[in-house]
$ cat entry.txt   # compact mmCIF, C-alpha atoms
# COMPACT_ATOMS: atom_id res chain seq x y z
CA MET A 1 -41.22 2.65 -1.56
CA LYS A 2 -43.70 4.10 -4.04
CA VAL A 3 -45.93 1.64 -5.91
CA TYR A 4 -47.13 2.29 -9.45
CA LEU A 5 -49.59 0.54 -11.76
CA PHE A 6 -48.00 -0.11 -15.16
CA HIS A 7 -49.97 -0.93 -18.31
CA LEU A 8 -48.95 -1.95 -21.84
CA MET A 9 -52.46 -1.99 -23.34
CA PRO A 10 -51.72 -5.14 -25.42
CA TYR A 11 -53.92 -6.50 -28.18
CA ALA A 12 -55.38 -9.22 -25.99
CA TYR A 13 -57.07 -10.92 -28.97
CA LEU A 14 -53.76 -11.74 -30.68
CA ASP A 15 -53.90 -15.07 -32.55
CA LEU A 16 -51.24 -16.98 -30.63
CA ASP A 17 -50.54 -19.15 -33.68
CA TYR A 18 -49.35 -16.10 -35.65
CA ASP A 19 -45.75 -17.32 -35.33
CA LYS A 20 -46.44 -20.21 -37.69
CA GLN A 21 -46.30 -17.60 -40.44
CA TYR A 22 -44.63 -14.52 -38.95
CA LYS A 23 -41.50 -14.34 -36.81
CA SER A 24 -42.82 -11.48 -34.70
CA CYS A 25 -46.00 -9.56 -33.88
CA TRP A 26 -43.88 -6.40 -34.22
CA VAL A 27 -43.37 -4.36 -37.40
CA ILE A 28 -44.11 -7.13 -39.93
CA TYR A 29 -47.38 -8.58 -38.56
CA PRO A 30 -50.12 -7.26 -40.89
CA ASN A 31 -52.42 -4.64 -39.39
CA THR A 32 -55.40 -6.40 -40.97
CA ASN A 33 -55.22 -8.56 -37.85
CA PHE A 34 -56.29 -5.58 -35.73
CA ASP A 35 -60.06 -5.36 -35.24
CA PRO A 36 -61.05 -1.74 -34.42
CA VAL A 37 -64.24 -2.91 -32.69
CA LYS A 38 -62.13 -4.99 -30.32
CA GLY A 39 -59.72 -2.06 -30.07
CA TYR A 40 -62.61 0.12 -28.86
CA GLU A 41 -63.40 -2.43 -26.15
CA LEU A 42 -59.76 -2.87 -25.12
CA TYR A 43 -58.83 0.81 -24.87
CA ASN A 44 -61.80 1.57 -22.67
CA ARG A 45 -61.28 -1.55 -20.55
CA TYR A 46 -57.63 -0.65 -20.02
CA LEU A 47 -58.38 2.97 -19.12
CA ASP A 48 -60.90 1.66 -16.57
CA GLU A 49 -58.15 -0.49 -15.03
CA LEU A 50 -55.75 2.44 -14.81
CA GLU A 51 -58.37 4.76 -13.33
CA TYR A 52 -59.29 2.08 -10.78
CA GLY A 53 -55.64 2.06 -9.77
CA GLU A 54 -56.00 5.51 -8.26
CA GLN A 55 -59.08 4.41 -6.30
CA LEU A 56 -57.05 1.48 -4.93
CA GLY A 57 -54.30 3.78 -3.70
CA PHE A 58 -51.49 3.30 -6.23
CA ASP A 59 -49.03 6.16 -6.12
CA GLY A 60 -48.85 6.45 -9.89
CA LEU A 61 -50.25 5.19 -13.18
CA CYS A 62 -47.92 4.34 -16.07
CA VAL A 63 -48.40 4.36 -19.83
CA ASN A 64 -45.79 3.88 -22.54
CA GLU A 65 -44.91 4.06 -26.25
CA HIS A 66 -44.45 1.35 -28.85
CA HIS A 67 -45.13 1.32 -32.58
CA GLN A 68 -46.66 -1.11 -35.08
CA ASN A 69 -47.19 -4.14 -32.86
CA ALA A 70 -49.69 -6.18 -30.88
CA TYR A 71 -47.57 -6.01 -27.72
CA GLY A 72 -48.65 -2.50 -26.74
CA LEU A 73 -51.36 -0.39 -28.36
CA MET A 74 -49.94 3.00 -27.36
CA PRO A 75 -48.04 4.51 -30.29
CA SER A 76 -48.80 7.81 -28.55
CA PRO A 77 -48.70 7.59 -24.74
CA ILE A 78 -49.85 11.21 -24.75
CA VAL A 79 -53.40 10.06 -25.59
CA PRO A 80 -53.99 7.79 -22.55
CA ALA A 81 -52.01 10.16 -20.31
CA ALA A 82 -54.27 13.02 -21.35
CA ALA A 83 -57.36 10.88 -20.70
CA LEU A 84 -56.06 10.04 -17.22
CA ALA A 85 -55.17 13.67 -16.53
CA ARG A 86 -58.84 14.62 -16.27
CA ARG A 87 -60.13 11.40 -14.72
CA THR A 88 -57.70 11.29 -11.79
CA THR A 89 -56.78 13.77 -9.10
CA LYS A 90 -53.99 12.31 -6.93
CA ALA A 91 -51.90 9.66 -8.65
CA LYS A 92 -48.81 10.58 -10.62
CA ILE A 93 -49.09 9.98 -14.36
CA ALA A 94 -45.89 8.45 -15.68
CA ILE A 95 -45.22 8.39 -19.42
CA LEU A 96 -42.64 5.57 -19.62
CA GLY A 97 -41.67 6.80 -21.90
CA SER A 98 -41.70 9.08 -24.90
CA ALA A 99 -39.08 8.40 -27.56
CA PHE A 100 -38.01 12.01 -28.07
CA GLY A 101 -35.00 11.04 -30.19
CA LEU A 102 -37.13 9.17 -32.73
CA ARG A 103 -38.91 12.40 -33.69
CA ASP A 104 -37.74 14.99 -36.17
CA HIS A 105 -39.57 17.55 -34.04
CA PRO A 106 -39.14 16.64 -30.34
CA LEU A 107 -40.48 20.06 -29.37
CA THR A 108 -43.96 18.75 -30.16
CA LEU A 109 -43.59 16.16 -27.39
CA ALA A 110 -42.12 18.80 -25.09
CA GLU A 111 -45.26 20.88 -25.61
CA GLU A 112 -47.57 17.92 -25.02
CA HIS A 113 -45.79 16.88 -21.82
CA ALA A 114 -45.98 20.49 -20.60
CA MET A 115 -49.73 20.56 -21.30
CA ILE A 116 -50.35 17.40 -19.26
CA ASP A 117 -48.16 18.73 -16.46
CA CYS A 118 -50.25 21.90 -16.33
CA ILE A 119 -53.59 20.05 -16.55
CA THR A 120 -52.60 17.80 -13.62
CA GLY A 121 -51.00 20.51 -11.51
CA GLY A 122 -47.57 18.90 -11.67
CA ARG A 123 -48.41 15.18 -11.52
CA LEU A 124 -46.49 14.23 -14.67
CA ILE A 125 -43.41 11.98 -14.72
CA SER A 126 -41.68 12.28 -18.07
CA GLY A 127 -39.97 9.04 -19.00
CA MET A 128 -37.40 9.49 -21.75
CA VAL A 129 -36.44 6.48 -23.86
CA ARG A 130 -34.56 5.73 -27.06
CA GLY A 131 -37.15 3.09 -27.92
CA LEU A 132 -36.53 -0.56 -28.67
CA GLY A 133 -34.65 -1.51 -31.80
CA CYS A 134 -37.97 -2.47 -33.42
CA GLU A 135 -39.06 1.17 -33.23
CA TYR A 136 -36.27 2.22 -35.58
CA TYR A 137 -37.70 0.00 -38.31
CA SER A 138 -41.19 1.37 -37.68
CA MET A 139 -40.10 5.01 -37.80
CA GLY A 140 -37.47 4.66 -40.53
CA ALA A 141 -34.76 5.99 -38.21
CA ASN A 142 -31.05 5.18 -38.12
CA PRO A 143 -30.32 3.07 -34.99
CA ALA A 144 -26.62 4.01 -35.10
CA LEU A 145 -27.62 7.60 -34.28
CA SER A 146 -29.98 6.63 -31.47
CA HIS A 147 -27.79 7.65 -28.52
CA ALA A 148 -26.68 10.93 -30.06
CA ARG A 149 -30.19 11.93 -31.14
CA PHE A 150 -31.69 10.89 -27.82
CA GLN A 151 -29.20 12.88 -25.76
CA GLU A 152 -29.49 15.94 -27.99
CA ALA A 153 -33.30 15.72 -27.94
CA HIS A 154 -33.12 15.52 -24.14
CA ASP A 155 -30.98 18.66 -23.99
CA LEU A 156 -33.34 20.49 -26.34
CA VAL A 157 -36.45 19.49 -24.37
CA VAL A 158 -34.99 20.35 -20.95
CA GLN A 159 -33.83 23.74 -22.25
CA ALA A 160 -37.27 24.34 -23.76
CA TRP A 161 -38.85 23.60 -20.38
CA THR A 162 -36.45 25.74 -18.36
CA ARG A 163 -34.94 28.59 -20.45
CA PRO A 164 -36.80 31.84 -21.15
CA GLY A 165 -37.67 32.02 -24.84
CA PRO A 166 -37.39 32.63 -27.60
CA PHE A 167 -33.87 31.26 -28.14
CA ALA A 168 -32.13 29.36 -30.90
CA PHE A 169 -30.99 25.76 -30.60
CA GLU A 170 -28.26 24.57 -32.95
CA GLY A 171 -27.26 20.94 -32.52
CA LYS A 172 -25.95 18.25 -34.77
CA HIS A 173 -29.36 16.64 -35.30
CA TYR A 174 -31.84 19.37 -34.35
CA HIS A 175 -31.95 22.98 -35.49
CA PHE A 176 -34.55 25.46 -34.25
CA GLU A 177 -34.36 29.20 -34.78
CA TYR A 178 -37.15 29.76 -32.27
CA VAL A 179 -37.57 27.71 -29.11
CA ASN A 180 -40.34 29.44 -27.18
CA LEU A 181 -42.47 26.84 -25.43
CA TRP A 182 -46.10 27.68 -24.80
CA PRO A 183 -47.24 26.35 -22.36
CA ARG A 184 -44.39 25.99 -19.90
CA PRO A 185 -44.60 22.98 -17.55
CA TYR A 186 -46.15 23.33 -14.10
CA GLN A 187 -43.24 21.72 -12.22
CA ARG A 188 -40.04 23.64 -11.57
CA PRO A 189 -37.46 23.42 -12.92
CA HIS A 190 -39.17 20.79 -15.10
CA PRO A 191 -41.21 17.55 -14.84
CA THR A 192 -39.55 14.65 -13.05
CA ILE A 193 -37.54 12.57 -15.53
CA TRP A 194 -37.17 8.78 -15.43
CA ILE A 195 -35.03 6.60 -17.70
CA PRO A 196 -36.38 3.10 -18.45
CA SER A 197 -33.63 0.87 -19.85
CA GLN A 198 -32.62 -2.63 -20.91
CA GLY A 199 -29.32 -2.12 -19.08
CA SER A 200 -26.91 -0.55 -21.57
CA THR A 201 -23.64 0.77 -20.15
CA GLU A 202 -24.15 4.13 -21.84
CA THR A 203 -27.60 4.63 -20.33
CA ILE A 204 -26.39 3.82 -16.81
CA GLU A 205 -23.45 6.21 -17.14
CA TRP A 206 -25.59 8.96 -18.64
CA SER A 207 -28.62 8.76 -16.34
CA SER A 208 -26.52 8.56 -13.15
CA HIS A 209 -24.37 11.58 -14.04
CA PRO A 210 -24.40 14.27 -11.32
CA ALA A 211 -25.95 16.73 -13.78
CA ARG A 212 -29.00 14.44 -14.06
CA LYS A 213 -29.34 11.82 -11.28
CA TYR A 214 -32.43 10.45 -13.01
CA THR A 215 -34.45 7.52 -11.76
CA TYR A 216 -33.25 4.39 -13.56
CA LEU A 217 -35.97 1.83 -14.26
CA GLN A 218 -35.12 -1.81 -15.05
CA THR A 219 -37.79 -3.90 -16.78
CA TYR A 220 -38.53 -7.57 -17.57
CA SER A 221 -35.32 -9.06 -16.25
CA PRO A 222 -34.49 -11.89 -13.86
CA PHE A 223 -34.10 -10.32 -10.45
CA ARG A 224 -30.40 -11.21 -10.25
CA ASN A 225 -29.91 -8.92 -13.27
CA VAL A 226 -32.12 -6.21 -11.80
CA LYS A 227 -29.81 -6.21 -8.80
CA ARG A 228 -26.70 -6.27 -11.00
CA PHE A 229 -27.79 -3.25 -13.05
CA HIS A 230 -28.90 -1.31 -9.99
CA ASP A 231 -25.59 -2.08 -8.30
CA ALA A 232 -23.86 -0.83 -11.45
CA TYR A 233 -25.87 2.40 -11.24
CA ARG A 234 -24.91 2.87 -7.58
CA GLN A 235 -21.28 2.12 -8.36
CA GLN A 236 -21.27 4.58 -11.24
CA ALA A 237 -22.73 7.26 -8.97
CA HIS A 238 -20.05 6.44 -6.40
CA ASP A 239 -17.37 6.81 -9.08
CA TYR A 240 -18.89 10.18 -9.98
CA GLY A 241 -18.48 11.23 -6.36
CA TYR A 242 -21.93 10.97 -4.82
CA THR A 243 -24.21 8.34 -3.25
CA ALA A 244 -27.26 7.28 -5.24
CA THR A 245 -30.48 6.99 -3.26
CA ALA A 246 -33.42 4.60 -3.47
CA GLU A 247 -35.33 7.37 -5.27
CA GLN A 248 -33.06 6.76 -8.27
CA LEU A 249 -33.92 3.05 -8.61
CA GLY A 250 -37.06 1.36 -9.92
CA TRP A 251 -38.11 -2.12 -10.99
CA ALA A 252 -41.02 -3.06 -13.26
CA ALA A 253 -42.32 -6.64 -13.39
CA PRO A 254 -45.46 -8.56 -14.41
CA ILE A 255 -47.35 -9.58 -11.30
CA TYR A 256 -50.35 -11.64 -10.29
CA VAL A 257 -51.85 -12.08 -6.82
CA GLY A 258 -54.18 -15.03 -6.21
CA GLU A 259 -56.00 -16.43 -3.23
CA THR A 260 -53.33 -19.14 -2.91
CA ASP A 261 -49.95 -19.81 -4.52
CA GLU A 262 -51.39 -22.63 -6.61
CA GLU A 263 -54.42 -20.63 -7.74
CA ALA A 264 -52.20 -17.70 -8.69
CA ARG A 265 -49.88 -19.94 -10.69
CA ARG A 266 -52.79 -21.63 -12.48
CA GLU A 267 -54.63 -18.42 -13.34
CA ALA A 268 -51.55 -16.45 -14.39
CA ALA A 269 -49.78 -19.18 -16.37
CA PRO A 270 -51.42 -18.93 -19.81
CA HIS A 271 -51.17 -15.15 -19.89
CA MET A 272 -47.61 -14.85 -18.56
CA GLU A 273 -46.46 -17.56 -20.96
CA ALA A 274 -48.22 -15.86 -23.88
CA PHE A 275 -46.54 -12.59 -23.00
CA PHE A 276 -42.97 -13.90 -22.97
CA ASN A 277 -43.33 -16.56 -25.69
CA LYS A 278 -45.58 -14.71 -28.14
CA PHE A 279 -45.95 -10.97 -27.45
CA LEU A 280 -42.24 -10.52 -26.73
CA ARG A 281 -41.14 -12.67 -29.65
CA TYR A 282 -38.75 -10.93 -32.04
CA PRO A 283 -35.49 -11.87 -33.74
CA ALA A 284 -32.22 -10.40 -32.50
CA GLU A 285 -31.97 -8.00 -35.45
CA MET A 286 -35.24 -6.39 -34.40
CA LEU A 287 -34.26 -6.01 -30.77
CA LEU A 288 -30.69 -4.90 -31.47
CA PRO A 289 -30.31 -3.56 -35.02
CA PRO A 290 -26.76 -2.74 -36.20
CA GLY A 291 -25.31 0.26 -34.37
CA PHE A 292 -28.05 0.43 -31.73
CA LEU A 293 -25.69 -0.49 -28.87
CA SER A 294 -21.95 -0.47 -28.33
CA LEU A 295 -20.17 -3.83 -28.33
CA ASN A 296 -19.86 -3.83 -24.52
CA SER A 297 -23.54 -3.00 -24.11
CA ILE A 298 -24.58 -5.71 -26.57
CA LYS A 299 -22.67 -8.27 -24.52
CA ARG A 300 -24.35 -7.07 -21.31
CA VAL A 301 -27.85 -6.90 -22.71
CA MET A 302 -27.65 -10.22 -24.57
CA LYS A 303 -26.39 -11.91 -21.42
CA THR A 304 -29.34 -10.45 -19.54
CA LYS A 305 -31.88 -11.31 -22.23
CA SER A 306 -30.49 -14.77 -23.01
CA SER A 307 -32.75 -16.29 -20.40
CA LEU A 308 -35.72 -14.73 -22.19
CA LYS A 309 -34.95 -16.13 -25.64
CA ASN A 310 -36.18 -19.67 -25.09
CA THR A 311 -39.69 -20.96 -24.60
CA HIS A 312 -40.80 -20.27 -21.05
CA THR A 313 -43.16 -21.83 -18.60
CA ILE A 314 -44.68 -20.07 -15.65
CA ASP A 315 -42.32 -22.09 -13.44
CA THR A 316 -39.14 -20.89 -15.15
CA LEU A 317 -40.37 -17.29 -15.08
CA MET A 318 -41.21 -17.54 -11.38
CA ALA A 319 -37.95 -19.30 -10.52
CA GLU A 320 -35.93 -16.52 -12.18
CA ARG A 321 -38.15 -13.88 -10.55
CA VAL A 322 -38.87 -12.35 -13.93
CA VAL A 323 -42.51 -12.36 -12.81
CA ILE A 324 -44.03 -12.22 -9.34
CA VAL A 325 -46.87 -14.68 -8.89
CA GLY A 326 -48.40 -16.04 -5.72
CA SER A 327 -50.66 -15.47 -2.77
CA ARG A 328 -50.76 -12.17 -0.94
CA GLU A 329 -48.19 -13.42 1.56
CA THR A 330 -45.83 -14.78 -1.11
CA VAL A 331 -45.96 -11.64 -3.25
CA ARG A 332 -45.48 -9.33 -0.27
CA LYS A 333 -42.50 -11.36 0.93
CA GLN A 334 -40.82 -11.48 -2.49
CA ILE A 335 -41.05 -7.74 -3.14
CA LEU A 336 -39.95 -6.81 0.38
CA GLU A 337 -36.97 -9.15 0.06
CA ALA A 338 -36.07 -7.54 -3.27
CA HIS A 339 -36.33 -4.10 -1.68
CA ALA A 340 -34.11 -5.14 1.21
CA GLU A 341 -31.51 -6.38 -1.26
CA VAL A 342 -31.52 -3.50 -3.75
CA GLY A 343 -33.07 -0.52 -1.98
CA LEU A 344 -35.87 0.25 -4.41
CA GLY A 345 -37.53 3.62 -4.50
CA TYR A 346 -40.22 2.40 -6.90
CA PHE A 347 -41.96 -0.84 -7.76
CA LEU A 348 -44.07 -0.90 -10.93
CA GLY A 349 -46.49 -3.79 -11.21
CA MET A 350 -47.92 -4.84 -14.57
CA PHE A 351 -51.17 -6.51 -13.56
CA GLN A 352 -52.82 -6.98 -16.96
CA THR A 353 -50.52 -9.27 -18.95
CA ALA A 354 -51.01 -10.17 -22.63
CA THR A 355 -54.33 -12.06 -22.88
CA MET A 356 -55.39 -11.71 -19.24
CA PRO A 357 -59.14 -10.99 -18.90
CA HIS A 358 -60.47 -7.93 -17.13
CA ASP A 359 -62.11 -9.74 -14.22
CA ILE A 360 -59.06 -11.60 -12.94
CA THR A 361 -56.88 -8.54 -13.56
CA MET A 362 -59.12 -6.49 -11.28
CA ARG A 363 -59.23 -9.18 -8.57
CA SER A 364 -55.44 -9.40 -8.56
CA MET A 365 -55.16 -5.62 -8.28
CA GLU A 366 -57.62 -5.58 -5.39
CA ARG A 367 -55.80 -8.29 -3.43
CA PHE A 368 -52.51 -6.51 -3.99
CA ALA A 369 -53.85 -3.09 -2.97
CA ARG A 370 -55.52 -4.37 0.18
CA ASP A 371 -52.98 -6.87 1.49
CA VAL A 372 -49.60 -6.20 -0.16
CA MET A 373 -49.25 -2.56 -1.10
CA PRO A 374 -49.48 -1.00 2.40
CA ALA A 375 -46.38 -2.91 3.56
CA LEU A 376 -44.47 -1.89 0.44
CA GLN A 377 -45.42 1.77 0.78
CA ALA A 378 -44.25 1.71 4.39
CA SER A 379 -40.88 0.15 3.56
CA THR A 380 -37.66 2.17 3.62
CA GLY A 381 -33.95 1.48 3.24
CA GLU A 382 -31.10 1.70 0.76
CA GLY A 383 -30.35 -2.00 0.22
CA ARG A 384 -27.16 -3.97 0.85
CA TRP A 385 -24.90 -2.56 -1.87
CA GLU A 386 -21.32 -1.68 -0.96
CA PRO A 387 -18.96 0.30 -3.24
CA SER A 388 -16.06 -1.41 -4.99
CA LYS A 389 -12.68 0.25 -5.36
CA GLY A 390 -10.89 0.38 -8.65
CA VAL A 391 -13.79 -1.19 -10.59
CA VAL A 392 -15.53 0.38 -13.55
CA ALA A 393 -19.08 0.32 -12.32
CA ALA A 394 -21.08 -0.30 -15.49
CA GLU A 395 -19.08 -3.27 -16.83
$ encode --input "entry.txt" --output "structure tokens"
Amino acid sequence: MKVYLFHLMPYAYLDLDYDKQYKSCWVIYPNTNFDPVKGYELYNRYLDELEYGEQLGFDGLCVNEHHQNAYGLMPSPIVPAAALARRTTKAKIAILGSAFGLRDHPLTLAEEHAMIDCITGGRLISGMVRGLGCEYYSMGANPALSHARFQEAHDLVVQAWTRPGPFAFEGKHYHFEYVNLWPRPYQRPHPTIWIPSQGSTETIEWSSHPARKYTYLQTYSPFRNVKRFHDAYRQQAHDYGYTATAEQLGWAAPIYVGETDEEARREAAPHMEAFFNKFLRYPAEMLLPPGFLSLNSIKRVMKTKSSLKNTHTIDTLMAERVVIVGSRETVRKQILEAHAEVGLGYFLGMFQTATMPHDITMRSMERFARDVMPALQASTGEGRWEPSKGVVAAE
């Protein structure tokens, strides 16, 4: 298993009483609540944490994209990825991900990803996402076109990375007379592609297709649902006529490692609870605007997310294995058990959560790197999944 360090770069100084006036810290929360002086401190603190991840031996460092919110201060993941490109030498840099389909000009992102891939000598992982429903409000985009635009943007970008130019691209949503990418990416045929997802049927079917076989990454879900979606991916691959491998499956979860189980619970509790109760607070119409998902996918995703809609305590989050919190021994055991069950190729740990201070974030990372990560990196196996006959995998 490969182990990556995932970061959201949240606005850690969020007033946690904001919800007395606003229903979300996404889209509608006034930007006058952002202090650029604190932003200066946070960005540099967070880049220090990511750079330290390479020193600790993490296989990769992950950044991502969200717009107009306090949850994650990376409207352009290209910026932190570019900063990491010159400050690291070994770890993969995973952009998880860029919302190509939200752009009117996805070739700009294709160029930027190619630049980072060249600067790092092929260390880039290009995560491709549609973006959360909230992003479609922020960018003034039609959520009903999200799948079609995303898939067409993907085709355009992959062709730009792989086909000799110049050539014309004529799609339904994108029209370019000249596609002639300078620079071309370092990796051949193109940078590794991952697909982070909430678990929609369409994404599982699309990412597992034999023409793609992309790594599917499940985030912020109770572990029983992580297993269910990964089993659906494996079943879909089986229905397509091939066997999915562990390299196609990843799980991202908030994590905290303490000296003891009780210390870990006590130190992590206020920050984990703030993350799920405040930073991830948004009404259903923001998460799933009309047309964003098919009816079947809405049923699946809402069933998965229903356990995240209520107020949470650290105990409910731990019991559902939405988060991983405990001593070195407890954390190591939980992740290895999850790997034995699912057959994970990748585990992505989010060590800085919401309001968590720098010092305890770093101590948790150090405990994990020294006493948990070696066992995870040495683990192998494809899990306990068995194919079903006559069953539509992604339902």
$ residues_around --input "entry.txt" --residues "Ala12 in chain A" --least-positions-apart "5" --cutoff "8 Å" --atoms "only C-alpha atoms" --output "PyMOL selection string"
chain A and resi 42+354-356
$ closest_residue --input "entry.txt" --among "A:Gly57, A:Gly381, A:Gly72, A:Pro185" --to "Ala246 in chain A" --atoms "all atoms listed in the file"
A:Gly381
$ residues_near_point --input "entry.txt" --point "(-40.4, 16.4, -10.2)" --cutoff "9 Å" --atoms "only C-alpha atoms" --output "list in words"
Gly122, Arg123, Leu124, Ile125, Ser126, Gln187, Arg188, Pro189, His190, Pro191, Thr192 and Ile193 of chain A
$ residues_around --input "entry.txt" --residues "Leu348 in chain A" --least-positions-apart "5" --cutoff "6 Å" --atoms "all atoms listed in the file" --output "PyMOL selection string"
chain A and resi 3-6+252
$ axis_aligned_box --input "entry.txt" --around "range 328-335 of chain A" --padding-each-side "6 Å" --output "AutoDock Vina command-line options"
--center_x -45.8 --center_y -11.3 --center_z -0.8 --size_x 21.9 --size_y 19.0 --size_z 16.8
$ closest_residue --input "entry.txt" --among "A:Arg363, A:Tyr233, A:Ala253, A:Arg332" --to "Glu386 in chain A" --atoms "all atoms listed in the file"
A:Tyr233
$ residues_around --input "entry.txt" --residues "Trp251 in chain A" --least-positions-apart "2" --cutoff "9 Å" --atoms "only C-alpha atoms" --output "PyMOL selection string"
chain A and resi 216-220+226+249+253+344-349
$ atom_distance --input "entry.txt" --atom1 "CA of Arg130 in chain A" --atom2 "CA of Arg87 in chain A"
29.0 Å
$ closest_residue --input "entry.txt" --among "A:Ile28, A:Ile314, A:Ala141, A:Ala338" --to "Glu382 in chain A" --atoms "only C-alpha atoms"
A:Ala338
$ residues_around --input "entry.txt" --residues "Arg266 in chain A" --least-positions-apart "4" --cutoff "10 Å" --atoms "all atoms listed in the file" --output "PyMOL selection string"
chain A and resi 258+260-262+270-271+314+325-326
$ atom_distance --input "entry.txt" --atom1 "CA of Ile204 in chain A" --atom2 "CA of Leu8 in chain A"
23.8 Å
$ atom_distance --input "entry.txt" --atom1 "CA of Ala168 in chain A" --atom2 "CA of Leu156 in chain A"
10.0 Å
$ closest_residue --input "entry.txt" --among "A:Ala114, A:Met1, A:Leu16, A:Cys62" --to "Ala378 in chain A" --atoms "all atoms listed in the file"
A:Met1
$ closest_residue --input "entry.txt" --among "A:Lys92, A:Lys213, A:Arg367, A:Arg265" --to "Val63 in chain A" --atoms "only C-alpha atoms"
A:Lys92
$ closest_residue --input "entry.txt" --among "A:Gln334, A:Thr215, A:Asn69, A:Asn180" --to "Ser197 in chain A" --atoms "all atoms listed in the file"
A:Thr215
$ residues_around --input "entry.txt" --residues "Thr32 in chain A" --least-positions-apart "5" --cutoff "12 Å" --atoms "all atoms listed in the file" --output "ChimeraX atom specification"
/A:14,68-70
$ build_atoms --input "entry.txt" --residues "range 229-245 of chain A" --atoms "N, CA and C atoms" --output "PDB file, in the coordinates of the input"
ATOM      1  N   PHE A 229     -27.742  -4.555 -12.383  1.00  0.00           N
ATOM      2  CA  PHE A 229     -27.790  -3.250 -13.050  1.00  0.00           C
ATOM      3  C   PHE A 229     -27.961  -2.115 -12.050  1.00  0.00           C
ATOM      4  N   HIS A 230     -28.747  -2.343 -11.010  1.00  0.00           N
ATOM      5  CA  HIS A 230     -28.900  -1.310  -9.990  1.00  0.00           C
ATOM      6  C   HIS A 230     -27.596  -1.117  -9.200  1.00  0.00           C
ATOM      7  N   ASP A 231     -26.903  -2.210  -8.941  1.00  0.00           N
ATOM      8  CA  ASP A 231     -25.590  -2.080  -8.300  1.00  0.00           C
ATOM      9  C   ASP A 231     -24.629  -1.313  -9.197  1.00  0.00           C
ATOM     10  N   ALA A 232     -24.707  -1.559 -10.520  1.00  0.00           N
ATOM     11  CA  ALA A 232     -23.860  -0.830 -11.450  1.00  0.00           C
ATOM     12  C   ALA A 232     -24.180   0.659 -11.438  1.00  0.00           C
ATOM     13  N   TYR A 233     -25.463   0.987 -11.330  1.00  0.00           N
ATOM     14  CA  TYR A 233     -25.870   2.400 -11.240  1.00  0.00           C
ATOM     15  C   TYR A 233     -25.300   3.029  -9.971  1.00  0.00           C
ATOM     16  N   ARG A 234     -25.443   2.324  -8.843  1.00  0.00           N
ATOM     17  CA  ARG A 234     -24.910   2.870  -7.580  1.00  0.00           C
ATOM     18  C   ARG A 234     -23.393   3.018  -7.646  1.00  0.00           C
ATOM     19  N   GLN A 235     -22.728   2.035  -8.246  1.00  0.00           N
ATOM     20  CA  GLN A 235     -21.280   2.120  -8.360  1.00  0.00           C
ATOM     21  C   GLN A 235     -20.858   3.283  -9.253  1.00  0.00           C
ATOM     22  N   GLN A 236     -21.590   3.464 -10.344  1.00  0.00           N
ATOM     23  CA  GLN A 236     -21.270   4.580 -11.240  1.00  0.00           C
ATOM     24  C   GLN A 236     -21.459   5.910 -10.520  1.00  0.00           C
ATOM     25  N   ALA A 237     -22.527   6.034  -9.753  1.00  0.00           N
ATOM     26  CA  ALA A 237     -22.730   7.260  -8.970  1.00  0.00           C
ATOM     27  C   ALA A 237     -21.592   7.455  -7.981  1.00  0.00           C
ATOM     28  N   HIS A 238     -21.191   6.369  -7.338  1.00  0.00           N
ATOM     29  CA  HIS A 238     -20.050   6.440  -6.400  1.00  0.00           C
ATOM     30  C   HIS A 238     -18.794   6.920  -7.123  1.00  0.00           C
ATOM     31  N   ASP A 239     -18.540   6.397  -8.319  1.00  0.00           N
ATOM     32  CA  ASP A 239     -17.370   6.810  -9.080  1.00  0.00           C
ATOM     33  C   ASP A 239     -17.470   8.275  -9.506  1.00  0.00           C
ATOM     34  N   TYR A 240     -18.696   8.762  -9.673  1.00  0.00           N
ATOM     35  CA  TYR A 240     -18.890  10.180  -9.980  1.00  0.00           C
ATOM     36  C   TYR A 240     -18.705  11.070  -8.756  1.00  0.00           C
ATOM     37  N   GLY A 241     -18.729  10.468  -7.564  1.00  0.00           N
ATOM     38  CA  GLY A 241     -18.480  11.230  -6.360  1.00  0.00           C
ATOM     39  C   GLY A 241     -19.685  11.523  -5.492  1.00  0.00           C
ATOM     40  N   TYR A 242     -20.778  10.773  -5.689  1.00  0.00           N
ATOM     41  CA  TYR A 242     -21.930  10.970  -4.820  1.00  0.00           C
ATOM     42  C   TYR A 242     -22.587   9.616  -4.549  1.00  0.00           C
ATOM     43  N   THR A 243     -23.516   9.581  -3.617  1.00  0.00           N
ATOM     44  CA  THR A 243     -24.210   8.340  -3.250  1.00  0.00           C
ATOM     45  C   THR A 243     -25.615   8.358  -3.828  1.00  0.00           C
ATOM     46  N   ALA A 244     -25.908   7.401  -4.686  1.00  0.00           N
ATOM     47  CA  ALA A 244     -27.260   7.280  -5.240  1.00  0.00           C
ATOM     48  C   ALA A 244     -28.223   6.857  -4.145  1.00  0.00           C
ATOM     49  N   THR A 245     -29.452   7.322  -4.237  1.00  0.00           N
ATOM     50  CA  THR A 245     -30.480   6.990  -3.260  1.00  0.00           C
ATOM     51  C   THR A 245     -31.506   6.033  -3.860  1.00  0.00           C
TER      52      THR A 245
END
